[in-house]
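Asker: My questions will all concern the structure given below.
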Amino acid sequence: MAHERHFAQASFCGRERSMLRGDTTVQWQPVPARYCNMTAIVDPLSHDVLIRLRGVSKTYIGAGGRFGALSDFDLHIARGEFALVVGQSGSGKSTLLNLIAGIDRPSAGEIEVEGTPVHSLSERALSAWRGRAVGIVFQFFQLLPALTVAENVMLPMDFCRRWPLRERRPRALRLLERLGVADQADKLPGALSGGQQQRVAVARALANEPALLLADEPTGNLDSTNAAALLQLFGELVREGQTLVMVTHDRSAQAHATRTVELADGRLLRVLAPTQPVTIEGAGHA
Ligand SMILES: Nc1ncnc2c1ncn2[C@@H]1O[C@H](COP(=O)(O)OP(=O)(O)OP(=O)(O)O)[C@@H](O)[C@H]1O
Ligand SMILES: [Mg+2]
């Protein structure tokens with residue numbers, strides 16, 4: 001159990017990384033002329049900016065020397081956005097997400113989420129902040145196999161203690177109901193399909209009502225039907241006010257997104273337009 005708790009804690013501290021590196025190249029839609037004034041920077045005076053990156057770089061130092069995974073990166077994401085992060089394998093997508101979540105530290109620059117200076121928090125403060133403010137969905141679900149579905153969803157609540165003990169299970173069941181998997185609540189994750197497991201993982205990510213939901217290739221291990229259902233669900237959550245930043249190779253995700261940020265070699269290459277009219281304040285004027 002000690003091992004499991006450690007694993008759980010690591011999981012919610014987001015230490016695991018996406019393990020599959022697909023060499024996937026996706027052709028994204030070009031930006032129509034009417035969106036050409038879109039950049040990755042939104043006007044902080046006229047928008048409710050949730051995520052603010054200024055001059056962020058990440059350099060890894062390994063046996064092969066220094067490697068710049070992200071270079072001098074500026075990005076603002078408004079509250080209520082559904083932002084996609086795309087780019088070829090190795091372009092820095094997961095690095096960007098991990099920096100926003102405070103899983104990794106930037107080598108330079110500043111990262112603020114809801115005004116919290118993520119780059120300068122102590123490890124302890126960072127961990128507490130992440131548990132409260134960020135929900136993370138991974139490609140491989142990363143549910144704890146020896147805990148039931150409901151217990152998996154309750155774990156982040158246990159770490160953050162935002163709700164009294166007696167409220168945690170009913171709350172987990174409500175989330176599972178919302179995600180359409182309440183009937184699986186007392187099973188072990190191994191008894192669920194991939195699509196069901198990912199729904200449970202989303203319920204777990206929402207457990208503490210995070211201001212920000214991050215997802216790293218969440219459809220990467222799902223069949224097309226479950227992938228479409230998950231994207232639909234993400235779209236609904238965003239319409240309800242959730243802010244979502246999702247790394248993906250799934251071209252169909254663009255139909256649900258407010259903006260698509262494309263990376264190349266650790267730099268912001270361009271921002272692509274949504275394919276549907278933007279419905280949230282500010283998302284079309286970035
Ligand atoms: N801990 C690390 N140490 C050294 N290099 C790293 C580390 N993590 C990532 N990198 C390198 O940084 C670059 C960006 O990695 P990242 O995982 O962000 O890419 P990605 O765009 O998410 O790729 P994929 O689509 O394959 O998941 C890659 O070249 C990778 O090898
Ligand atoms: Mg990645």
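Identifiers for the structure tokens are assigned positionally: chains receive A, B, ... in sequence, residues are indexed from 1 per chain, and ligands are indexed from 1 in the order shown.
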Return as a VMD selection string the residues of protein, DNA or RNA that approach ligand 1 to within 10 Å, with only C-alpha atoms and all ligand atoms taken into account.
Answerer: chain A and resid 17 to 25 58 to 70 85 to 99 104 139 216 to 217 247 to 249 263 to 266
Asker: Applying 10 Å and only C-alpha atoms, which residues near Leu173 in chain A remain after dropping the ones on its own chain fewer than 4 positions away? List them as an mmCIF file with N, CA and C atoms, in the first residue's frame.
Answerer:
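Printed below is result-v3.cif as written:
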```cif
data_model
loop_
_atom_site.group_PDB
_atom_site.id
_atom_site.type_symbol
_atom_site.label_atom_id
_atom_site.label_comp_id
_atom_site.auth_asym_id
_atom_site.auth_seq_id
_atom_site.Cartn_x
_atom_site.Cartn_y
_atom_site.Cartn_z
ATOM 1 N N VAL A 149 -12.401 2.048 -9.071
ATOM 2 C CA VAL A 149 -12.616 3.247 -9.873
ATOM 3 C C VAL A 149 -12.962 4.436 -8.967
ATOM 4 N N ALA A 150 -13.918 4.235 -8.058
ATOM 5 C CA ALA A 150 -14.319 5.338 -7.170
ATOM 6 C C ALA A 150 -13.143 5.788 -6.296
ATOM 7 N N GLU A 151 -12.374 4.828 -5.802
ATOM 8 C CA GLU A 151 -11.217 5.189 -4.958
ATOM 9 C C GLU A 151 -10.187 5.981 -5.760
ATOM 10 N N VAL A 153 -10.842 8.040 -8.129
ATOM 11 C CA VAL A 153 -11.352 9.411 -8.277
ATOM 12 C C VAL A 153 -11.269 10.168 -6.947
ATOM 13 N N MET A 154 -11.361 9.418 -5.855
ATOM 14 C CA MET A 154 -11.300 10.068 -4.537
ATOM 15 C C MET A 154 -9.869 10.445 -4.128
ATOM 16 N N ARG A 168 -16.582 12.791 -0.065
ATOM 17 C CA ARG A 168 -15.699 12.448 -1.176
ATOM 18 C C ARG A 168 -16.273 11.360 -2.078
ATOM 19 N N ARG A 169 -16.797 10.290 -1.465
ATOM 20 C CA ARG A 169 -17.344 9.235 -2.323
ATOM 21 C C ARG A 169 -18.585 9.711 -3.103
ATOM 22 N N GLU A 177 -20.800 9.603 -12.731
ATOM 23 C CA GLU A 177 -22.105 9.685 -13.398
ATOM 24 C C GLU A 177 -22.024 10.651 -14.577
ATOM 25 N N ARG A 178 -21.414 11.783 -14.322
ATOM 26 C CA ARG A 178 -21.260 12.816 -15.365
ATOM 27 C C ARG A 178 -20.471 12.265 -16.557
ATOM 28 N N LEU A 179 -19.523 11.400 -16.251
ATOM 29 C CA LEU A 179 -18.671 10.834 -17.296
ATOM 30 C C LEU A 179 -19.256 9.547 -17.870
ATOM 31 N N VAL A 181 -19.804 6.591 -16.391
ATOM 32 C CA VAL A 181 -19.214 5.331 -15.936
ATOM 33 C C VAL A 181 -19.506 5.049 -14.454
ATOM 34 N N ALA A 182 -20.610 5.595 -13.970
ATOM 35 C CA ALA A 182 -20.950 5.396 -12.549
ATOM 36 C C ALA A 182 -21.164 3.913 -12.237
ATOM 37 N N ASP A 183 -21.649 3.152 -13.216
ATOM 38 C CA ASP A 183 -21.896 1.724 -12.977
ATOM 39 C C ASP A 183 -20.599 0.935 -12.815
ATOM 40 N N GLN A 184 -19.466 1.564 -13.074
ATOM 41 C CA GLN A 184 -18.175 0.878 -12.945
ATOM 42 C C GLN A 184 -17.494 1.210 -11.613
ATOM 43 N N ALA A 185 -18.159 1.992 -10.776
ATOM 44 C CA ALA A 185 -17.505 2.612 -9.620
ATOM 45 C C ALA A 185 -16.763 1.637 -8.708
ATOM 46 N N ALA A 203 -12.562 11.961 -14.829
ATOM 47 C CA ALA A 203 -13.259 12.216 -13.559
ATOM 48 C C ALA A 203 -12.250 12.495 -12.456
#
```
Asker: So that I can check the surroundings of range 118-131 of chain A, please list as a VMD selection string every protein, DNA and RNA residue that reaches within 12 Å of it, counting only C-alpha atoms and ignoring chain neighbours fewer than 4 positions away.
Answerer: chain A and resid 8 to 15 51 to 58 98 to 114 135 to 136 155 to 162 204 to 214
Asker: Create the file for the chosen residues now, containing C-alpha atoms and written as a PDB file, in the first residue's frame.
Answerer:
```
ATOM      1  CA  ALA A   8      -0.557   7.712  -6.548  1.00  0.00           C
ATOM      2  CA  GLN A   9       1.138  10.749  -5.187  1.00  0.00           C
ATOM      3  CA  ALA A  10       3.607  10.704  -8.032  1.00  0.00           C
ATOM      4  CA  SER A  11       0.741  10.325 -10.429  1.00  0.00           C
ATOM      5  CA  PHE A  12      -1.088  13.342  -9.100  1.00  0.00           C
ATOM      6  CA  CYS A  13       2.126  15.250  -8.917  1.00  0.00           C
ATOM      7  CA  GLY A  14       2.288  14.335 -12.592  1.00  0.00           C
ATOM      8  CA  ARG A  15       5.684  12.694 -12.529  1.00  0.00           C
ATOM      9  CA  ILE A  51      -1.942  30.983 -18.363  1.00  0.00           C
ATOM     10  CA  ARG A  52       0.894  33.361 -19.049  1.00  0.00           C
ATOM     11  CA  LEU A  53       4.329  32.250 -20.246  1.00  0.00           C
ATOM     12  CA  ARG A  54       7.047  34.872 -20.713  1.00  0.00           C
ATOM     13  CA  GLY A  55      10.390  34.069 -22.313  1.00  0.00           C
ATOM     14  CA  VAL A  56      10.223  30.458 -21.185  1.00  0.00           C
ATOM     15  CA  SER A  57      13.062  28.134 -22.103  1.00  0.00           C
ATOM     16  CA  LYS A  58      13.769  24.585 -21.067  1.00  0.00           C
ATOM     17  CA  ASN A  98       4.822  19.782 -17.966  1.00  0.00           C
ATOM     18  CA  LEU A  99       6.099  23.321 -17.436  1.00  0.00           C
ATOM     19  CA  ILE A 100       2.575  24.728 -17.199  1.00  0.00           C
ATOM     20  CA  ALA A 101       1.696  22.012 -14.679  1.00  0.00           C
ATOM     21  CA  GLY A 102       4.842  22.698 -12.693  1.00  0.00           C
ATOM     22  CA  ILE A 103       5.988  19.126 -13.222  1.00  0.00           C
ATOM     23  CA  ASP A 104       9.162  20.494 -14.769  1.00  0.00           C
ATOM     24  CA  ARG A 105      10.893  23.763 -13.965  1.00  0.00           C
ATOM     25  CA  PRO A 106      11.782  26.231 -16.702  1.00  0.00           C
ATOM     26  CA  SER A 107      15.475  26.963 -17.247  1.00  0.00           C
ATOM     27  CA  ALA A 108      14.511  30.594 -17.856  1.00  0.00           C
ATOM     28  CA  GLY A 109      11.401  32.703 -18.006  1.00  0.00           C
ATOM     29  CA  GLU A 110       8.178  33.012 -16.040  1.00  0.00           C
ATOM     30  CA  ILE A 111       5.014  30.937 -15.913  1.00  0.00           C
ATOM     31  CA  GLU A 112       1.878  32.158 -14.210  1.00  0.00           C
ATOM     32  CA  VAL A 113      -1.369  30.265 -13.864  1.00  0.00           C
ATOM     33  CA  GLU A 114      -4.240  32.277 -12.392  1.00  0.00           C
ATOM     34  CA  GLY A 135      -6.131  18.223 -13.424  1.00  0.00           C
ATOM     35  CA  ILE A 136      -4.035  16.087 -15.753  1.00  0.00           C
ATOM     36  CA  LEU A 155      -7.499  10.038  -4.299  1.00  0.00           C
ATOM     37  CA  PRO A 156      -6.912  13.653  -5.401  1.00  0.00           C
ATOM     38  CA  MET A 157      -9.618  14.711  -2.937  1.00  0.00           C
ATOM     39  CA  ASP A 158      -7.782  12.817  -0.206  1.00  0.00           C
ATOM     40  CA  PHE A 159      -4.532  14.603  -1.050  1.00  0.00           C
ATOM     41  CA  CYS A 160      -6.069  18.065  -1.167  1.00  0.00           C
ATOM     42  CA  ARG A 161      -8.645  17.612   1.594  1.00  0.00           C
ATOM     43  CA  ARG A 162     -10.845  20.224   0.041  1.00  0.00           C
ATOM     44  CA  ARG A 204     -10.135  11.938 -11.414  1.00  0.00           C
ATOM     45  CA  ALA A 205      -8.635  15.002 -13.113  1.00  0.00           C
ATOM     46  CA  LEU A 206     -11.800  16.972 -12.328  1.00  0.00           C
ATOM     47  CA  ALA A 207     -11.964  15.761  -8.733  1.00  0.00           C
ATOM     48  CA  ASN A 208     -10.793  19.012  -7.154  1.00  0.00           C
ATOM     49  CA  GLU A 209     -12.544  21.327  -9.636  1.00  0.00           C
ATOM     50  CA  PRO A 210      -9.264  22.506 -11.128  1.00  0.00           C
ATOM     51  CA  ALA A 211      -9.120  25.836 -12.919  1.00  0.00           C
ATOM     52  CA  LEU A 212      -7.051  24.143 -15.578  1.00  0.00           C
ATOM     53  CA  LEU A 213      -7.350  20.772 -17.256  1.00  0.00           C
ATOM     54  CA  LEU A 214      -4.270  19.526 -19.101  1.00  0.00           C
TER      55      LEU A 214
END
```
Asker: Just the alpha helix (DSSP H) stuff from range 77-213 of chain A, please, per backbone DSSP, written as a ChimeraX atom specification.
Answerer: /A:93-100,123-133,149-160,165-178,194-205
Asker: Kindly save the residues from that selection, with C-alpha atoms included, as an mmCIF file, in the first residue's frame.
Answerer:
```cif
data_model
loop_
_atom_site.group_PDB
_atom_site.id
_atom_site.type_symbol
_atom_site.label_atom_id
_atom_site.label_comp_id
_atom_site.auth_asym_id
_atom_site.auth_seq_id
_atom_site.Cartn_x
_atom_site.Cartn_y
_atom_site.Cartn_z
ATOM 1 C CA LYS A 93 4.606 19.653 -26.642
ATOM 2 C CA SER A 94 4.861 17.543 -23.483
ATOM 3 C CA THR A 95 7.639 19.783 -22.214
ATOM 4 C CA LEU A 96 5.303 22.762 -22.551
ATOM 5 C CA LEU A 97 2.498 20.978 -20.721
ATOM 6 C CA ASN A 98 4.822 19.782 -17.966
ATOM 7 C CA LEU A 99 6.099 23.321 -17.436
ATOM 8 C CA ILE A 100 2.575 24.728 -17.199
ATOM 9 C CA GLU A 123 8.408 21.995 -4.352
ATOM 10 C CA ARG A 124 5.976 21.736 -1.470
ATOM 11 C CA ALA A 125 3.927 24.743 -2.549
ATOM 12 C CA LEU A 126 4.034 23.552 -6.133
ATOM 13 C CA SER A 127 2.683 20.157 -5.211
ATOM 14 C CA ALA A 128 -0.147 21.672 -3.165
ATOM 15 C CA TRP A 129 -0.959 24.172 -5.895
ATOM 16 C CA ARG A 130 -0.984 21.492 -8.605
ATOM 17 C CA GLY A 131 -3.310 19.262 -6.643
ATOM 18 C CA ARG A 132 -5.752 22.105 -6.228
ATOM 19 C CA ALA A 133 -5.502 23.991 -9.505
ATOM 20 C CA VAL A 149 -12.616 3.247 -9.873
ATOM 21 C CA ALA A 150 -14.319 5.338 -7.170
ATOM 22 C CA GLU A 151 -11.217 5.189 -4.958
ATOM 23 C CA ASN A 152 -9.096 6.378 -7.887
ATOM 24 C CA VAL A 153 -11.352 9.411 -8.277
ATOM 25 C CA MET A 154 -11.300 10.068 -4.537
ATOM 26 C CA LEU A 155 -7.499 10.038 -4.299
ATOM 27 C CA PRO A 156 -6.912 13.653 -5.401
ATOM 28 C CA MET A 157 -9.618 14.711 -2.937
ATOM 29 C CA ASP A 158 -7.782 12.817 -0.206
ATOM 30 C CA PHE A 159 -4.532 14.603 -1.050
ATOM 31 C CA CYS A 160 -6.069 18.065 -1.167
ATOM 32 C CA LEU A 165 -14.243 12.745 4.145
ATOM 33 C CA ARG A 166 -17.954 11.887 4.017
ATOM 34 C CA GLU A 167 -18.470 13.996 0.887
ATOM 35 C CA ARG A 168 -15.699 12.448 -1.176
ATOM 36 C CA ARG A 169 -17.344 9.235 -2.323
ATOM 37 C CA PRO A 170 -20.677 10.880 -3.225
ATOM 38 C CA ARG A 171 -18.702 13.483 -5.117
ATOM 39 C CA ALA A 172 -16.686 10.809 -6.940
ATOM 40 C CA LEU A 173 -19.912 9.033 -7.868
ATOM 41 C CA ARG A 174 -21.387 12.254 -9.230
ATOM 42 C CA LEU A 175 -18.314 12.793 -11.373
ATOM 43 C CA LEU A 176 -18.414 9.205 -12.607
ATOM 44 C CA GLU A 177 -22.105 9.685 -13.398
ATOM 45 C CA ARG A 178 -21.260 12.816 -15.365
ATOM 46 C CA GLY A 194 -9.741 1.739 -22.520
ATOM 47 C CA GLY A 195 -12.472 4.267 -23.225
ATOM 48 C CA GLN A 196 -14.028 3.708 -19.817
ATOM 49 C CA GLN A 197 -10.657 3.981 -18.097
ATOM 50 C CA GLN A 198 -9.975 7.291 -19.787
ATOM 51 C CA ARG A 199 -13.372 8.590 -18.640
ATOM 52 C CA VAL A 200 -12.453 7.610 -15.102
ATOM 53 C CA ALA A 201 -9.125 9.399 -15.554
ATOM 54 C CA VAL A 202 -11.008 12.535 -16.620
ATOM 55 C CA ALA A 203 -13.259 12.216 -13.559
ATOM 56 C CA ARG A 204 -10.135 11.938 -11.414
ATOM 57 C CA ALA A 205 -8.635 15.002 -13.113
#
```
Asker: Just list the residues in range 99-250 of chain A DSSP gives strand (DSSP E) on the backbone, as a list in words.
Answerer: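 For range 99-250 of chain A, the strand (DSSP E) set is Ala108, Gly109, Glu110, Ile111, Glu112, Val113, Thr116, Pro117, Val134, Gly135, Ile136, Val137, Leu212, Leu213, Leu214, Ala215, Asp216, Thr243, Leu244, Val245, Met246 and Val247 of chain A.
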Asker: Let's have the selection written as a PDB file, in the first residue's frame, with N, CA and C atoms.
Answerer:
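Writing done, so here's result_3.pdb:
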```
ATOM      1  N   ALA A 108      14.597  29.133 -17.873  1.00  0.00           N
ATOM      2  CA  ALA A 108      14.511  30.594 -17.856  1.00  0.00           C
ATOM      3  C   ALA A 108      13.069  30.986 -18.117  1.00  0.00           C
ATOM      4  N   GLY A 109      12.730  32.191 -17.715  1.00  0.00           N
ATOM      5  CA  GLY A 109      11.401  32.703 -18.006  1.00  0.00           C
ATOM      6  C   GLY A 109      10.425  32.531 -16.850  1.00  0.00           C
ATOM      7  N   GLU A 110       9.206  33.004 -17.084  1.00  0.00           N
ATOM      8  CA  GLU A 110       8.178  33.012 -16.040  1.00  0.00           C
ATOM      9  C   GLU A 110       6.905  32.341 -16.521  1.00  0.00           C
ATOM     10  N   ILE A 111       6.275  31.608 -15.607  1.00  0.00           N
ATOM     11  CA  ILE A 111       5.014  30.937 -15.913  1.00  0.00           C
ATOM     12  C   ILE A 111       4.029  31.275 -14.801  1.00  0.00           C
ATOM     13  N   GLU A 112       2.926  31.864 -15.185  1.00  0.00           N
ATOM     14  CA  GLU A 112       1.878  32.158 -14.210  1.00  0.00           C
ATOM     15  C   GLU A 112       0.605  31.451 -14.615  1.00  0.00           C
ATOM     16  N   VAL A 113      -0.054  30.855 -13.641  1.00  0.00           N
ATOM     17  CA  VAL A 113      -1.369  30.265 -13.864  1.00  0.00           C
ATOM     18  C   VAL A 113      -2.298  30.867 -12.826  1.00  0.00           C
ATOM     19  N   THR A 116      -0.628  32.747 -10.192  1.00  0.00           N
ATOM     20  CA  THR A 116       0.349  32.045  -9.351  1.00  0.00           C
ATOM     21  C   THR A 116       1.665  31.886 -10.114  1.00  0.00           C
ATOM     22  N   PRO A 117       2.771  32.360  -9.550  1.00  0.00           N
ATOM     23  CA  PRO A 117       4.063  32.224 -10.237  1.00  0.00           C
ATOM     24  C   PRO A 117       4.599  30.797 -10.099  1.00  0.00           C
ATOM     25  N   VAL A 134      -4.826  22.104 -10.904  1.00  0.00           N
ATOM     26  CA  VAL A 134      -4.597  21.469 -12.197  1.00  0.00           C
ATOM     27  C   VAL A 134      -5.077  20.019 -12.174  1.00  0.00           C
ATOM     28  N   GLY A 135      -5.788  19.632 -13.219  1.00  0.00           N
ATOM     29  CA  GLY A 135      -6.131  18.223 -13.424  1.00  0.00           C
ATOM     30  C   GLY A 135      -5.410  17.753 -14.673  1.00  0.00           C
ATOM     31  N   ILE A 136      -4.831  16.557 -14.614  1.00  0.00           N
ATOM     32  CA  ILE A 136      -4.035  16.087 -15.753  1.00  0.00           C
ATOM     33  C   ILE A 136      -4.556  14.738 -16.246  1.00  0.00           C
ATOM     34  N   VAL A 137      -4.710  14.646 -17.557  1.00  0.00           N
ATOM     35  CA  VAL A 137      -5.135  13.391 -18.188  1.00  0.00           C
ATOM     36  C   VAL A 137      -3.996  12.908 -19.074  1.00  0.00           C
ATOM     37  N   LEU A 212      -7.688  24.504 -14.316  1.00  0.00           N
ATOM     38  CA  LEU A 212      -7.051  24.143 -15.578  1.00  0.00           C
ATOM     39  C   LEU A 212      -6.994  22.630 -15.741  1.00  0.00           C
ATOM     40  N   LEU A 213      -7.459  22.191 -16.909  1.00  0.00           N
ATOM     41  CA  LEU A 213      -7.350  20.772 -17.256  1.00  0.00           C
ATOM     42  C   LEU A 213      -6.297  20.644 -18.353  1.00  0.00           C
ATOM     43  N   LEU A 214      -5.314  19.777 -18.113  1.00  0.00           N
ATOM     44  CA  LEU A 214      -4.270  19.526 -19.101  1.00  0.00           C
ATOM     45  C   LEU A 214      -4.384  18.081 -19.564  1.00  0.00           C
ATOM     46  N   ALA A 215      -4.200  17.850 -20.846  1.00  0.00           N
ATOM     47  CA  ALA A 215      -4.293  16.482 -21.356  1.00  0.00           C
ATOM     48  C   ALA A 215      -3.179  16.269 -22.377  1.00  0.00           C
ATOM     49  N   ASP A 216      -2.398  15.215 -22.161  1.00  0.00           N
ATOM     50  CA  ASP A 216      -1.287  14.914 -23.071  1.00  0.00           C
ATOM     51  C   ASP A 216      -1.637  13.685 -23.900  1.00  0.00           C
ATOM     52  N   THR A 243     -11.281  25.403 -18.638  1.00  0.00           N
ATOM     53  CA  THR A 243     -10.159  25.719 -19.519  1.00  0.00           C
ATOM     54  C   THR A 243      -9.371  24.438 -19.755  1.00  0.00           C
ATOM     55  N   LEU A 244      -9.046  24.186 -21.012  1.00  0.00           N
ATOM     56  CA  LEU A 244      -8.411  22.913 -21.359  1.00  0.00           C
ATOM     57  C   LEU A 244      -7.273  23.153 -22.340  1.00  0.00           C
ATOM     58  N   VAL A 245      -6.123  22.610 -22.020  1.00  0.00           N
ATOM     59  CA  VAL A 245      -4.986  22.631 -22.949  1.00  0.00           C
ATOM     60  C   VAL A 245      -4.637  21.186 -23.241  1.00  0.00           C
ATOM     61  N   MET A 246      -4.668  20.836 -24.518  1.00  0.00           N
ATOM     62  CA  MET A 246      -4.518  19.427 -24.881  1.00  0.00           C
ATOM     63  C   MET A 246      -3.456  19.253 -25.969  1.00  0.00           C
ATOM     64  N   VAL A 247      -2.502  18.414 -25.671  1.00  0.00           N
ATOM     65  CA  VAL A 247      -1.533  17.991 -26.685  1.00  0.00           C
ATOM     66  C   VAL A 247      -2.163  16.864 -27.483  1.00  0.00           C
TER      67      VAL A 247
END
```
Asker: Nearest to ligand 2: which of A:Leu268, A:Glu81, A:Leu231, A:Gly220 is it, counting only C-alpha atoms and all ligand atoms?
Answerer: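 Answer, going by the shortest atom-to-atom distance: A:Gly220.
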Asker: Got a sec: who's within 8 Å of Lys187 in chain A, counting only C-alpha atoms, leaving out chain neighbours fewer than 4 positions off, as number ranges by chain?
Answerer: A: 148-149, 191-192
Asker: Could you write out the selected residues, including N, CA and C atoms, as a PDB file, in the first residue's frame?
Answerer:
```
ATOM      1  N   THR A 148     -10.263   0.715  -6.484  1.00  0.00           N
ATOM      2  CA  THR A 148     -11.450   0.728  -7.333  1.00  0.00           C
ATOM      3  C   THR A 148     -11.513   2.039  -8.104  1.00  0.00           C
ATOM      4  N   VAL A 149     -12.401   2.048  -9.071  1.00  0.00           N
ATOM      5  CA  VAL A 149     -12.616   3.247  -9.873  1.00  0.00           C
ATOM      6  C   VAL A 149     -12.962   4.436  -8.967  1.00  0.00           C
ATOM      7  N   ALA A 191     -10.731  -4.046 -15.150  1.00  0.00           N
ATOM      8  CA  ALA A 191     -11.947  -4.665 -15.683  1.00  0.00           C
ATOM      9  C   ALA A 191     -12.676  -3.735 -16.663  1.00  0.00           C
ATOM     10  N   LEU A 192     -12.122  -2.540 -16.879  1.00  0.00           N
ATOM     11  CA  LEU A 192     -12.790  -1.566 -17.753  1.00  0.00           C
ATOM     12  C   LEU A 192     -12.120  -1.515 -19.121  1.00  0.00           C
TER      13      LEU A 192
END
```
Asker: Looking at A:Gly115, A:Asp74, A:Pro218, A:Val49, which one is nearest to ligand 2, with distances taken over only C-alpha atoms and all ligand atoms?
Answerer: A:Pro218
Asker: Rounded to one decimal in Å, what is the spacing between CA of Gln242 in chain A and CA of Phe82 in chain A?
Answerer: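 Result for CA of Gln242 in chain A versus CA of Phe82 in chain A: 8.2 Å, one decimal.
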